[in-house]
Structures are given as structure tokens and as C-alpha cells.
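Dumped entry_30.txt below, it's compact mmCIF, C-alpha atoms and all ligand atoms:
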```txt
# COMPACT_ATOMS: atom_id res chain seq x y z
CA MET T 100 97.28 119.51 137.68
CA VAL T 101 100.94 120.18 138.37
CA ASP T 102 101.51 123.59 139.93
CA LEU T 103 103.07 125.18 136.91
CA VAL T 104 103.80 128.54 138.50
CA SER T 105 105.65 126.96 141.39
CA GLN T 106 107.55 124.60 139.08
CA LEU T 107 108.62 127.51 136.88
CA THR T 108 109.54 129.70 139.84
CA HIS T 109 111.71 126.99 141.36
CA ARG T 110 113.45 125.99 138.17
CA LYS T 111 117.12 125.53 138.93
CA LYS T 112 119.10 127.92 136.69
CA GLY T 113 121.60 126.24 134.41
CA TYR T 114 119.77 122.91 134.56
CA THR T 115 117.39 121.01 132.31
CA LEU T 116 113.71 121.22 133.28
CA GLU T 117 111.84 118.92 135.65
CA ALA T 118 110.46 115.78 133.95
CA PRO T 119 106.81 116.93 133.62
CA PHE T 120 107.91 119.72 131.26
CA TYR T 121 108.84 117.01 128.79
CA THR T 122 106.12 114.45 129.54
CA ASP T 123 102.99 115.93 131.13
CA PRO T 124 100.02 116.39 128.75
CA GLU T 125 98.71 119.36 130.77
CA ILE T 126 102.00 121.22 130.56
CA PHE T 127 102.05 120.37 126.88
CA GLU T 128 98.61 121.99 126.53
CA ALA T 129 99.92 125.06 128.38
CA ASP T 130 102.90 125.16 125.98
CA MET T 131 100.54 125.01 123.02
CA ASP T 132 98.47 127.86 124.45
CA VAL T 133 101.21 130.16 125.70
CA ILE T 134 104.18 129.39 123.45
CA PHE T 135 102.78 128.05 120.18
CA GLY T 136 99.50 129.96 120.49
CA ARG T 137 100.96 133.41 121.17
CA HIS T 138 104.36 133.63 119.49
CA TRP T 139 105.59 133.79 115.91
CA ILE T 140 105.88 130.25 114.58
CA PHE T 141 108.03 129.48 111.54
CA VAL T 142 105.95 127.40 109.10
CA GLY T 143 107.57 127.50 105.68
CA VAL T 144 108.77 129.71 102.87
CA ASP T 145 107.10 132.05 100.37
CA VAL T 146 108.01 129.58 97.63
CA ASP T 147 105.86 126.92 99.28
CA VAL T 148 103.09 128.86 97.52
CA PRO T 149 104.93 130.32 94.50
CA GLU T 150 101.93 131.20 92.29
CA PRO T 151 98.56 132.93 92.82
CA GLY T 152 96.01 130.34 93.98
CA ASP T 153 98.65 128.12 95.60
CA VAL T 154 97.69 126.88 99.06
CA MET T 155 99.67 125.13 101.79
CA VAL T 156 98.05 123.74 104.93
CA VAL T 157 100.14 123.73 108.12
CA LYS T 158 99.04 122.17 111.38
CA VAL T 159 100.21 123.83 114.60
CA HIS T 160 99.16 121.20 117.13
CA GLN T 161 95.35 120.98 116.59
CA THR T 162 94.99 124.18 114.62
CA GLU T 163 95.17 123.97 110.85
CA VAL T 164 96.11 127.08 108.94
CA ALA T 165 95.74 127.53 105.18
CA ILE T 166 98.43 129.73 103.69
CA VAL T 167 97.19 131.13 100.40
CA ARG T 168 98.79 133.28 97.74
CA ASP T 169 95.95 135.49 96.55
CA ASP T 170 95.30 136.58 92.99
CA ASP T 171 97.43 139.70 93.52
CA GLY T 172 100.37 137.66 94.81
CA VAL T 173 99.86 138.57 98.48
CA ILE T 174 100.45 135.69 100.91
CA ARG T 175 97.65 135.40 103.48
CA ALA T 176 96.87 132.90 106.22
CA PHE T 177 93.44 131.72 107.39
CA HIS T 178 92.09 129.19 109.82
CA ASN T 179 91.33 126.14 107.68
CA VAL T 180 87.73 126.08 108.89
CA CYS T 181 84.56 126.82 106.96
CA ARG T 182 82.51 129.65 108.48
CA HIS T 183 79.26 127.71 107.87
CA ARG T 184 79.32 124.64 110.12
CA GLY T 185 83.01 124.42 110.76
CA ALA T 186 84.09 121.80 108.25
CA ARG T 187 87.75 121.54 107.40
CA LEU T 188 88.15 123.50 104.19
CA VAL T 189 91.35 122.47 102.35
CA HIS T 190 92.20 118.78 102.51
CA ASP T 191 95.58 118.61 100.78
CA ASP T 192 98.93 119.65 102.25
CA LYS T 193 99.51 121.64 99.08
CA THR T 194 97.12 122.43 96.25
CA THR T 195 96.21 125.12 93.74
CA VAL T 196 92.74 126.65 93.64
CA GLY T 197 90.72 129.26 91.77
CA ASN T 198 88.54 129.77 94.81
CA LEU T 199 88.32 127.83 98.07
CA VAL T 200 85.20 125.65 97.97
CA CYS T 201 83.90 123.81 101.01
CA ARG T 202 83.02 120.17 100.31
CA TYR T 203 80.06 120.19 102.70
CA HIS T 204 77.53 122.76 101.43
CA SER T 205 79.69 124.37 98.77
CA TRP T 206 80.31 127.78 100.29
CA VAL T 207 82.87 129.53 98.13
CA TYR T 208 85.65 131.86 99.36
CA ASP T 209 87.98 133.82 97.11
CA THR T 210 91.73 133.80 97.67
CA THR T 211 91.47 136.86 99.94
CA GLY T 212 89.26 134.79 102.26
CA ALA T 213 86.04 136.67 101.38
CA LEU T 214 82.88 134.55 101.19
CA ILE T 215 81.61 135.05 97.65
CA HIS T 216 78.90 132.40 97.33
CA ALA T 217 76.54 130.66 99.80
CA GLU T 218 73.23 129.24 98.61
CA HIS T 219 69.96 129.22 100.54
CA MET T 220 71.09 131.49 103.33
CA GLY T 221 68.17 133.92 103.00
CA GLN T 222 67.77 137.62 102.29
CA ASP T 223 69.27 138.84 105.55
CA PHE T 224 72.44 136.80 105.38
CA ASP T 225 75.50 139.02 105.30
CA LYS T 226 78.31 137.30 103.40
CA SER T 227 80.75 139.99 104.47
CA CYS T 228 80.48 138.80 108.09
CA HIS T 229 81.42 135.23 107.18
CA GLY T 230 84.82 135.47 105.52
CA LEU T 231 87.59 133.08 106.55
CA LYS T 232 89.11 133.93 109.90
CA PRO T 233 92.53 135.47 109.27
CA VAL T 234 95.75 134.43 111.01
CA HIS T 235 98.70 136.82 111.35
CA CYS T 236 101.23 135.98 108.67
CA ARG T 237 104.56 137.67 107.92
CA SER T 238 107.25 136.94 105.40
CA LEU T 239 110.76 137.79 106.56
CA GLU T 240 112.68 137.92 103.28
CA GLY T 241 110.88 134.77 102.17
CA LEU T 242 110.62 132.94 105.54
CA LEU T 243 106.97 132.58 106.57
CA PHE T 244 105.87 133.04 110.16
CA ILE T 245 102.34 132.86 111.54
CA CYS T 246 100.92 133.85 114.91
CA LEU T 247 97.66 132.33 116.14
CA ALA T 248 97.04 134.97 118.82
CA GLU T 249 94.66 137.88 118.40
CA ASN T 250 97.55 140.27 119.07
CA ALA T 251 100.85 139.08 117.69
CA PRO T 252 104.13 140.11 119.38
CA ALA T 253 105.06 143.50 117.93
CA ASP T 254 108.80 142.92 118.12
CA PHE T 255 108.68 140.86 114.92
CA ASP T 256 109.43 144.23 113.29
CA GLU T 257 112.65 144.49 115.26
CA MET T 258 113.69 140.96 114.28
CA GLU T 259 112.92 141.79 110.66
CA ARG T 260 114.92 145.03 110.82
CA GLN T 261 117.96 143.15 112.08
CA ILE T 262 117.70 139.93 110.07
CA ALA T 263 116.51 141.13 106.65
CA PRO T 264 119.95 142.50 105.59
CA TYR T 265 121.53 139.11 106.44
CA LEU T 266 118.98 137.18 104.38
CA ALA T 267 118.54 139.56 101.45
CA PRO T 268 121.65 138.47 99.45
CA HIS T 269 120.36 134.86 99.49
CA ASN T 270 117.04 135.97 97.93
CA LEU T 271 114.84 133.15 99.18
CA ARG T 272 111.92 134.49 97.18
CA ASP T 273 113.82 133.63 94.02
CA ALA T 274 114.39 130.04 95.13
CA LYS T 275 112.48 126.78 94.83
CA ILE T 276 112.05 123.83 97.12
CA ALA T 277 114.26 121.01 95.87
CA TYR T 278 113.14 118.58 98.57
CA GLU T 279 111.15 118.49 101.80
CA HIS T 280 110.99 115.89 104.50
CA ASP T 281 109.07 115.28 107.74
CA LEU T 282 110.75 113.30 110.50
CA LEU T 283 108.68 112.08 113.43
CA GLU T 284 110.75 112.57 116.57
CA HIS T 285 109.87 110.62 119.69
CA GLY T 286 110.38 113.56 121.99
CA ASN T 287 108.91 116.71 123.46
CA TRP T 288 109.44 119.78 121.26
CA LYS T 289 111.69 121.36 123.91
CA LEU T 290 114.11 118.42 123.71
CA THR T 291 114.35 118.92 119.94
CA ILE T 292 115.12 122.61 120.43
CA GLU T 293 117.57 122.01 123.31
CA ASN T 294 119.41 119.49 121.18
CA ASN T 295 119.67 121.96 118.33
CA ARG T 296 121.02 124.81 120.42
CA GLU T 297 124.39 123.21 121.09
CA CYS T 298 127.13 121.37 119.27
CA TYR T 299 128.53 119.59 122.35
CA HIS T 300 127.07 116.42 120.87
CA CYS T 301 128.27 117.03 117.31
CA GLY T 302 131.69 115.36 117.46
CA ALA T 303 130.34 112.11 118.87
CA ASN T 304 127.16 111.93 116.77
CA HIS T 305 127.43 113.75 113.45
CA PRO T 306 130.15 112.19 111.29
CA GLU T 307 128.67 113.83 108.16
CA LEU T 308 127.84 117.30 109.52
CA THR T 309 131.22 117.74 111.20
CA VAL T 310 132.98 117.42 107.84
CA PRO T 311 131.90 120.95 106.80
CA LEU T 312 130.85 122.38 110.17
CA PHE T 313 133.05 123.57 113.04
CA ALA T 314 131.58 122.64 116.41
CA TYR T 315 132.85 125.95 117.83
CA GLY T 316 130.28 127.91 115.89
CA PHE T 317 127.40 127.81 118.34
CA GLY T 318 128.53 129.57 121.47
CA PHE T 319 131.78 128.18 122.79
CA ASP T 320 133.91 129.41 125.65
CA PRO T 321 137.54 128.38 125.09
CA LYS T 322 138.69 129.34 128.62
CA GLU T 323 138.44 125.91 130.21
CA LEU T 324 139.89 123.95 127.33
CA ASP T 325 143.09 121.99 127.52
CA PRO T 326 145.93 123.74 125.65
CA ALA T 327 145.69 121.70 122.43
CA GLU T 328 142.00 122.27 122.04
CA ARG T 329 142.27 125.86 123.14
CA GLU T 330 144.63 126.45 120.26
CA HIS T 331 142.01 125.06 117.84
CA ALA T 332 139.33 127.25 119.36
CA GLU T 333 141.55 130.33 119.23
CA ASN T 334 142.48 129.63 115.60
CA TYR T 335 138.80 129.31 114.85
CA ALA T 336 138.11 132.66 116.50
CA CYS T 337 140.79 134.33 114.33
CA MET T 338 139.45 132.70 111.18
CA LEU T 339 135.93 133.80 112.14
CA ASN T 340 137.06 137.41 112.47
CA ASP T 341 138.91 137.37 109.16
CA ASN T 342 135.94 135.79 107.40
CA HIS T 343 133.48 138.26 108.90
CA ARG T 344 135.64 141.17 107.73
CA ASP T 345 135.90 139.76 104.18
CA TRP T 346 132.21 138.90 103.92
CA GLU T 347 131.07 142.22 105.28
CA SER T 348 133.30 144.02 102.76
CA GLN T 349 131.48 142.00 100.05
CA GLY T 350 128.08 143.14 101.35
CA LEU T 351 127.33 139.97 103.32
CA PRO T 352 126.36 140.87 106.91
CA SER T 353 127.96 138.26 109.15
CA LYS T 354 128.49 139.33 112.75
CA GLU T 355 126.68 137.57 115.53
CA ILE T 356 123.37 138.99 116.73
CA ASP T 357 122.16 137.23 119.87
CA ARG T 358 118.71 138.31 121.01
CA LEU T 359 117.78 134.97 122.58
CA ASP T 360 117.10 136.32 126.04
CA ASP T 361 115.84 139.87 125.59
CA MET T 362 113.08 139.62 123.00
CA VAL T 363 109.61 138.10 122.93
CA THR T 364 110.39 137.14 119.34
CA SER T 365 113.75 135.70 120.29
CA PHE T 366 116.43 134.91 117.70
CA ARG T 367 120.14 134.49 116.99
CA THR T 368 122.14 134.74 113.81
CA GLU T 369 125.74 134.61 112.62
CA ARG T 370 127.53 133.74 109.40
CA LEU T 371 129.88 130.85 110.07
CA PRO T 372 132.90 129.69 108.11
CA LEU T 373 132.92 126.12 106.84
CA ALA T 374 135.79 123.64 106.70
CA GLY T 375 137.62 122.33 103.62
CA ALA T 376 136.52 124.07 100.44
CA GLY T 377 134.30 126.16 102.72
CA GLU T 378 131.32 126.23 100.38
CA SER T 379 128.47 124.11 101.66
CA HIS T 380 127.03 121.48 104.00
CA THR T 381 128.12 118.61 101.77
CA LEU T 382 130.44 115.67 102.31
CA ASN T 383 133.13 117.19 100.07
CA THR T 384 132.46 120.71 101.46
CA GLU T 385 131.97 122.00 97.90
CA ARG T 386 128.80 123.54 96.57
CA ALA T 387 126.04 120.99 95.84
CA CYS T 388 124.36 123.31 93.36
CA LYS T 389 126.25 124.99 90.52
CA LYS T 390 123.78 127.87 90.37
CA LEU T 391 124.22 130.09 93.41
CA MET T 392 121.38 131.56 95.46
CA GLY T 393 120.12 135.07 94.75
CA ASN T 394 122.74 137.33 93.20
CA LEU T 395 125.63 135.74 95.06
CA THR T 396 128.80 135.41 93.05
CA ASN T 397 131.02 133.91 95.75
CA ALA T 398 130.22 130.28 96.60
CA LYS T 399 132.30 130.66 99.73
CA ALA T 400 129.61 132.57 101.63
CA GLY T 401 129.89 130.28 104.68
CA ALA T 402 126.67 129.18 106.36
CA LEU T 403 124.48 131.92 107.75
CA HIS T 404 122.67 130.36 110.66
CA LEU T 405 119.42 131.66 112.10
CA TRP T 406 117.47 130.39 115.09
CA THR T 407 114.06 131.66 116.10
CA GLN T 408 112.21 130.73 119.26
CA PRO T 409 110.25 128.61 119.78
CA ASN T 410 110.57 126.41 116.72
CA SER T 411 113.09 127.02 113.97
CA TRP T 412 116.65 126.89 112.75
CA HIS T 413 118.17 127.55 109.34
CA HIS T 414 121.39 127.38 107.37
CA PHE T 415 121.78 129.70 104.35
CA MET T 416 124.75 128.91 102.18
CA GLY T 417 126.01 130.24 98.84
CA ASP T 418 124.48 127.41 96.84
CA HIS T 419 121.47 126.32 98.89
CA ALA T 420 119.53 126.84 102.09
CA VAL T 421 118.06 124.39 104.58
CA VAL T 422 115.16 125.50 106.79
CA PHE T 423 113.77 123.54 109.72
CA SER T 424 110.56 123.84 111.75
CA VAL T 425 109.53 121.88 114.81
CA LEU T 426 105.80 121.14 114.95
CA PRO T 427 104.66 119.56 118.23
CA ILE T 428 102.25 116.61 118.06
CA ASP T 429 101.81 115.77 121.72
CA ALA T 430 103.90 115.88 124.91
CA GLU T 431 106.21 113.15 123.63
CA HIS T 432 106.21 113.52 119.83
CA SER T 433 107.14 116.23 117.36
CA ILE T 434 107.53 116.61 113.64
CA LEU T 435 110.79 118.03 112.35
CA ARG T 436 110.02 119.52 108.93
CA THR T 437 113.03 120.23 106.70
CA LYS T 438 113.10 121.99 103.32
CA TRP T 439 116.09 122.31 101.00
CA LEU T 440 116.04 125.38 98.72
CA VAL T 441 118.04 126.10 95.58
CA HIS T 442 117.88 128.90 93.01
CA LYS T 443 114.60 128.62 91.13
CA ASP T 444 116.38 128.07 87.82
CA ALA T 445 118.63 125.27 89.11
CA ARG T 446 117.92 121.96 87.40
CA GLU T 447 118.02 118.66 89.26
CA GLY T 448 120.54 116.23 87.75
CA ILE T 449 122.23 119.06 85.83
CA ASP T 450 122.97 121.82 88.34
CA TYR T 451 122.64 119.65 91.43
CA ASP T 452 122.50 116.03 92.47
CA LEU T 453 119.64 115.66 94.92
CA GLN T 454 121.29 113.02 97.12
CA ASN T 455 124.40 115.15 97.42
CA LEU T 456 122.27 118.19 98.28
CA ILE T 457 120.26 116.53 101.06
CA GLY T 458 122.70 113.88 102.27
CA VAL T 459 124.34 115.66 105.20
CA TRP T 460 121.13 116.92 106.79
CA MET T 461 119.08 113.77 106.12
CA ALA T 462 121.73 111.85 108.08
CA THR T 463 122.10 114.56 110.74
CA ASN T 464 118.36 114.88 111.34
CA GLN T 465 118.07 111.14 111.89
CA GLN T 466 120.97 111.23 114.34
CA ASP T 467 119.46 114.20 116.20
CA GLY T 468 116.04 112.52 116.21
CA ASP T 469 117.59 109.46 117.84
CA LEU T 470 119.29 111.63 120.49
CA VAL T 471 116.01 113.38 121.26
CA GLY T 472 114.37 109.95 121.60
CA TYR T 473 117.04 108.84 124.08
CA CYS T 474 116.33 111.89 126.26
CA GLN T 475 112.58 111.33 126.10
CA GLN T 476 113.12 107.73 127.25
CA GLY T 477 115.35 108.93 130.05
CA VAL T 478 113.08 111.66 131.38
CA ARG T 479 110.10 109.29 131.49
CA GLY T 480 111.68 107.09 134.15
CA LYS T 481 111.96 107.56 137.91
CA GLY T 482 115.73 107.96 137.64
CA TYR T 483 115.61 111.34 135.91
CA VAL T 484 116.59 114.49 137.75
CA PRO T 485 117.42 117.77 135.97
CA GLY T 486 121.04 117.81 134.81
CA PRO T 487 123.52 120.68 134.39
CA TYR T 488 124.11 122.43 131.09
CA SER T 489 127.80 122.95 130.30
CA PRO T 490 128.70 126.59 131.03
CA HIS T 491 131.17 126.38 128.14
CA THR T 492 129.22 124.71 125.33
CA GLU T 493 125.58 124.82 126.35
CA MET T 494 125.09 128.44 127.34
CA LEU T 495 122.79 128.99 124.37
CA VAL T 496 120.63 126.06 125.47
CA GLU T 497 120.33 127.76 128.84
CA LYS T 498 119.27 130.99 127.12
CA CYS T 499 116.57 129.17 125.16
CA THR T 500 115.31 127.36 128.25
CA ASN T 501 115.29 130.70 130.10
CA TRP T 502 113.30 132.22 127.28
CA TYR T 503 110.70 129.44 127.63
CA VAL T 504 110.50 129.80 131.40
CA GLY T 505 110.29 133.60 131.11
CA ARG T 506 107.53 133.53 128.51
CA MET T 507 105.47 131.01 130.48
CA MET T 508 105.90 133.05 133.68
CA ALA T 509 105.01 136.32 131.96
CA HIS T 510 101.80 134.84 130.64
CA LEU T 511 100.79 133.18 133.90
CA ALA T 512 101.49 136.38 135.84
CA GLN T 513 99.28 138.27 133.40
CA THR T 514 96.38 135.81 133.64
CA ARG T 515 96.61 135.85 137.45
CA ALA T 516 96.53 139.64 137.47
CA VAL T 517 93.36 139.55 135.33
CA ALA T 518 91.69 136.85 137.47
O1 LIG X 601 121.50 123.31 113.34
C1 LIG X 601 122.16 123.97 114.11
O2 LIG X 601 121.80 125.10 114.42
C2 LIG X 601 123.43 123.43 114.70
C3 LIG X 601 124.12 122.43 113.88
C4 LIG X 601 124.58 121.40 114.80
C5 LIG X 601 123.96 121.63 116.08
N1 LIG X 601 123.33 122.91 116.05
C6 LIG X 601 123.96 123.85 116.92
FE1 LIG X 602 81.22 124.49 104.76
FE2 LIG X 602 78.65 123.94 105.19
S1 LIG X 602 80.35 123.49 106.48
S2 LIG X 602 79.56 124.87 103.47
FE FE X 603 122.79 117.63 116.30
```
Please re-express this file's structure in C-alpha cells.
Ligand code: 3BY
Ligand code: FES
Ligand code: FE
Amino acid sequence: MVDLVSQLTHRKKGYTLEAPFYTDPEIFEADMDVIFGRHWIFVGVDVDVPEPGDVMVVKVHQTEVAIVRDDDGVIRAFHNVCRHRGARLVHDDKTTVGNLVCRYHSWVYDTTGALIHAEHMGQDFDKSCHGLKPVHCRSLEGLLFICLAENAPADFDEMERQIAPYLAPHNLRDAKIAYEHDLLEHGNWKLTIENNRECYHCGANHPELTVPLFAYGFGFDPKELDPAEREHAENYACMLNDNHRDWESQGLPSKEIDRLDDMVTSFRTERLPLAGAGESHTLNTERACKKLMGNLTNAKAGALHLWTQPNSWHHFMGDHAVVFSVLPIDAEHSILRTKWLVHKDAREGIDYDLQNLIGVWMATNQQDGDLVGYCQQGVRGKGYVPGPYSPHTEMLVEKCTNWYVGRMMAHLAQTRAVA
């Protein structure tokens, strides 16, 4: 086994990781244990399960979790495993149930996870000891996070305190999913996240996304720019300030919050202006959906972006929202799951054209997936050595990589202390 502690300790600051962090199955297993097994993982939205009895199954590496809206409307999460002999319980990605019935010997659980029926188990059998095993589940203004650990990081509360006011005006709980899509990326999950945390690559690779989106929006230091570009960056900074002031006066929190490197539940948010008509991530920069989200009255609400470590990013606009989760498969493959949300009363073909709504991000995801694949190919070969992040456009990538290194080290130090 690679000496993980020594590799992490000797990681060169400001550089990509050594190859095994992107390729080695044992490090991947450690990632699944420490990062995906002990942190808050973004898995979907409340409106994935809009009605009582609705169930969604999400797979976090090998662990399947059933997310269930119970009869009282409370969203709960359980391991998707029968407490009798361990059969998988729910077999559809999404379904609606009265109760959860195991196919094997027909044990029946209600939507709170309680075992309510089990034949032939004898007088002494205690049903109350055999309910479904719960998984921590929290909804942050309609964004669903789960944590597979026994004790979930407590600073979720702090993230919620800071982020909820930003999300509230978009009212994600009053939305519906217009479209969802899974893209298989041929890359380690960390390459997908690294790629997302910068826009250095945007100009050369995202002809659609760069119509509405300014590449300066994701951490950009104008100091080293040549004069012409510096002027653009400085104009952007002025526009950003003006927009933030206007939006905040309209009750739309907008200022940057960057907690990428000082929280266990690490996140970043900021409301960003958009180019052209300034309304949406569409090719004409105008709203794709006539009906705005929540109680918004101004379509020009920019794009509120939110990142959470280890596995999500989001764009919340006046007319729609796009939410993304990265679900690792193995050391060299990941699923990128994308969901497009519109107001629940918006009608396809009348209030929005689906292709217009999803076009920019369907194209962008494919482009990003290809870039991630190129890196995976590169790191596999003997020629790869860690390369430097730009101190001017990739400082947020460095923060996210630092977060990963820090979390792995913290856990390994703890297990050593116990041993
Ligand atoms: O999705 C994001 O968060 C952005 C858009 C382009 C690259 N990335 C920084
Ligand atoms: Fe589920 Fe037997 S394994 S009822
Ligand atoms: Fe990209």
C-alpha cells in the first residue's frame, strides 16, 4: 500500500497531487472512507421526492441510500438494506410506495423506516429493534445532503446559517425538476472537482457557457494581467460591486462567502452578474423560463453560485437553477449528475423550451467531462509529475485540494492516535 501519510505530508503546496491520488484503488478506498464516508454529500433536492411515499435511491460508491418522504412530509434517509438478511430493498432509482416491502421474505417497513410486519419470526422477536438503519439527512433550503458517518460534521449548521438567506428567495422547495442527466466521466472525482473550481479553461473550451458567464467570477487576481485585460477585469470588479449593492437592496444576498479552507463542511458562494441581457445561462442570455423561481420578480438576479466540498456545485438564477453532484464510481470513473429546476407551475413548451433550458450546461458538461478524461489519461502515464496551479486563476483549486489533504491528514492522525 502506498504510504498515504507520507504522501500527504510531502504534498507540494500549489501543485496538483501525485499520480496515485488520481489512479490508485487503495487511495480511492481511503477517499471513500474518509471523504465520502464522513462528510456531507450533496445528493439531490427535496423535490426529487415531492410527495409523501416518494422514494429516491442514491448510490455513494457501494452504499445505497433510500431517501423517503414519509407520510407526514418529513424527508428521511435510510440504508437501502433489509434488516432481515440484507437484501437490497428498493430497486428503482425513483418510485412511490405505501410501505417499503422487501422482495425476499416480505418484511414491511413504513415510511418512517419502522418494521411493521415480519412473518414467522417467533414470539420473542422485537420488531422495534429491526427498523431500517437511518442515515443523516439535511435539507438546506431544498438541497439534500446526507452523511454516512455515525457522527456527522456539526458545522453543517454554520453552513446553513450562512447559505440559507442566499437560497431562500429562489425557493427550491417550490420548484420541480425539468430534466436530469447522468454523465459518466472517465476521471477520478478529484479531477472533476479541480476542473470545476476554476475558469482558466473556460475561454478555450466553453463557447456556450462563456456567452452568459464572465470567466472572472471564480477567484481571479487581476494584478499580473496585461493592461488590456486588466481593464476588463477591473471593469468587471466595478460591475460586480454595483450589482451586489443593487441586489442586496432588493433582498438578494450576494456578497462572496469563502469558507473553502476553514470548515469541515467547506463551501463558497457568491452572486455573479451575467453578460448580455444578464438573465440566465442560455445562449441568448435571456431567461429560459417565463415563470421565475420562488417569489422573484426581477429576472436579472444574476447566477448565485454555490460550491460544497467534496462533491457539488450549483447555479441559481432568476428563472431556473442547475445543481450538480459528483458521485465516484472507482479511482478512474465518476458520475456527474445534473438537475435543472424550474418553478413547479412552469409548463414545458409554454413557459420554457427544454432544449433552450438545458443547452448550455449539456454542452458544458460534455466539454468538462472530456477535459477530465484528458487529465486522467495524462496522470496514468510515466510522464506525469504534479504541475503548478496558477496563483492568479487557480487559487480556489488550491484551496479545495488543501481541504482534501487537510481532511485526510486529520482523519489519519486521529486513527493513529487511537491505535
Ligand atoms: O460551475 C462552476 O462553478 C464554474 C463554471 C465554469 C467553471 N466553474 C468555475
Ligand atoms: Fe428482506 Fe428477508 S431479506 S425479508
Ligand atoms: Fe468547465
What gap, in Å, lies between CA of Ala251 (chain T) and CA of Arg168 (chain T)?
-> 20.9 Å
Correct to one decimal, the distance CA of Lys232 (chain T)-atom FE1 of ligand LIG 602 (chain X) is 13.3 Å
At most 12 Å from ligand LIG 602 (chain X) (all atoms listed in the file): residue list as a ChimeraX atom specification | /T:179-189,199-208,214-220,229-231
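In this structure, CA of Leu371 (chain T) sits 15.7 Å away from CA of Cys301 (chain T).
Closest approach to ligand LIG 601 (chain X) among T:Ser105, T:Gln222, T:Asn295, T:Ser424: T:Asn295, based on all atoms listed in the file.
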Show me which residues sit within 9 Å of ligand LIG 601 (chain X) when counting all atoms listed in the file, and put them as a list of chain:residue names.
-> T:Asn294, T:Asn295, T:Arg296, T:Glu297, T:Cys298, T:Tyr299, T:His300, T:Cys301, T:His305, T:Leu308, T:Thr309, T:Leu312, T:Phe313, T:Ala314, T:Gly316, T:Phe317, T:Gly318, T:His404, T:Leu405, T:Trp406, T:Ser411, T:Trp412, T:His413, T:His414, T:Phe423, T:Thr463, T:Asp467
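Excluding Gly486 (chain T) itself and same-chain residues fewer than 3 positions from it, the residues having an atom within 12 Å of it are Arg110, Lys111, Lys112, Gly113, Tyr114, Thr115, Leu116, Glu117, Ala118, Cys474, Gly477, Val478, Gly482, Tyr483, Ser489, Glu493 and Glu497 of chain T, counting only C-alpha atoms.
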Close residues, region 428-442 of chain T itself excluded, 7 Å, all atoms listed in the file, min 3 positions apart in chain, as a ChimeraX atom specification = /T:121-124,127,160,273-288,390-393,418-425,445
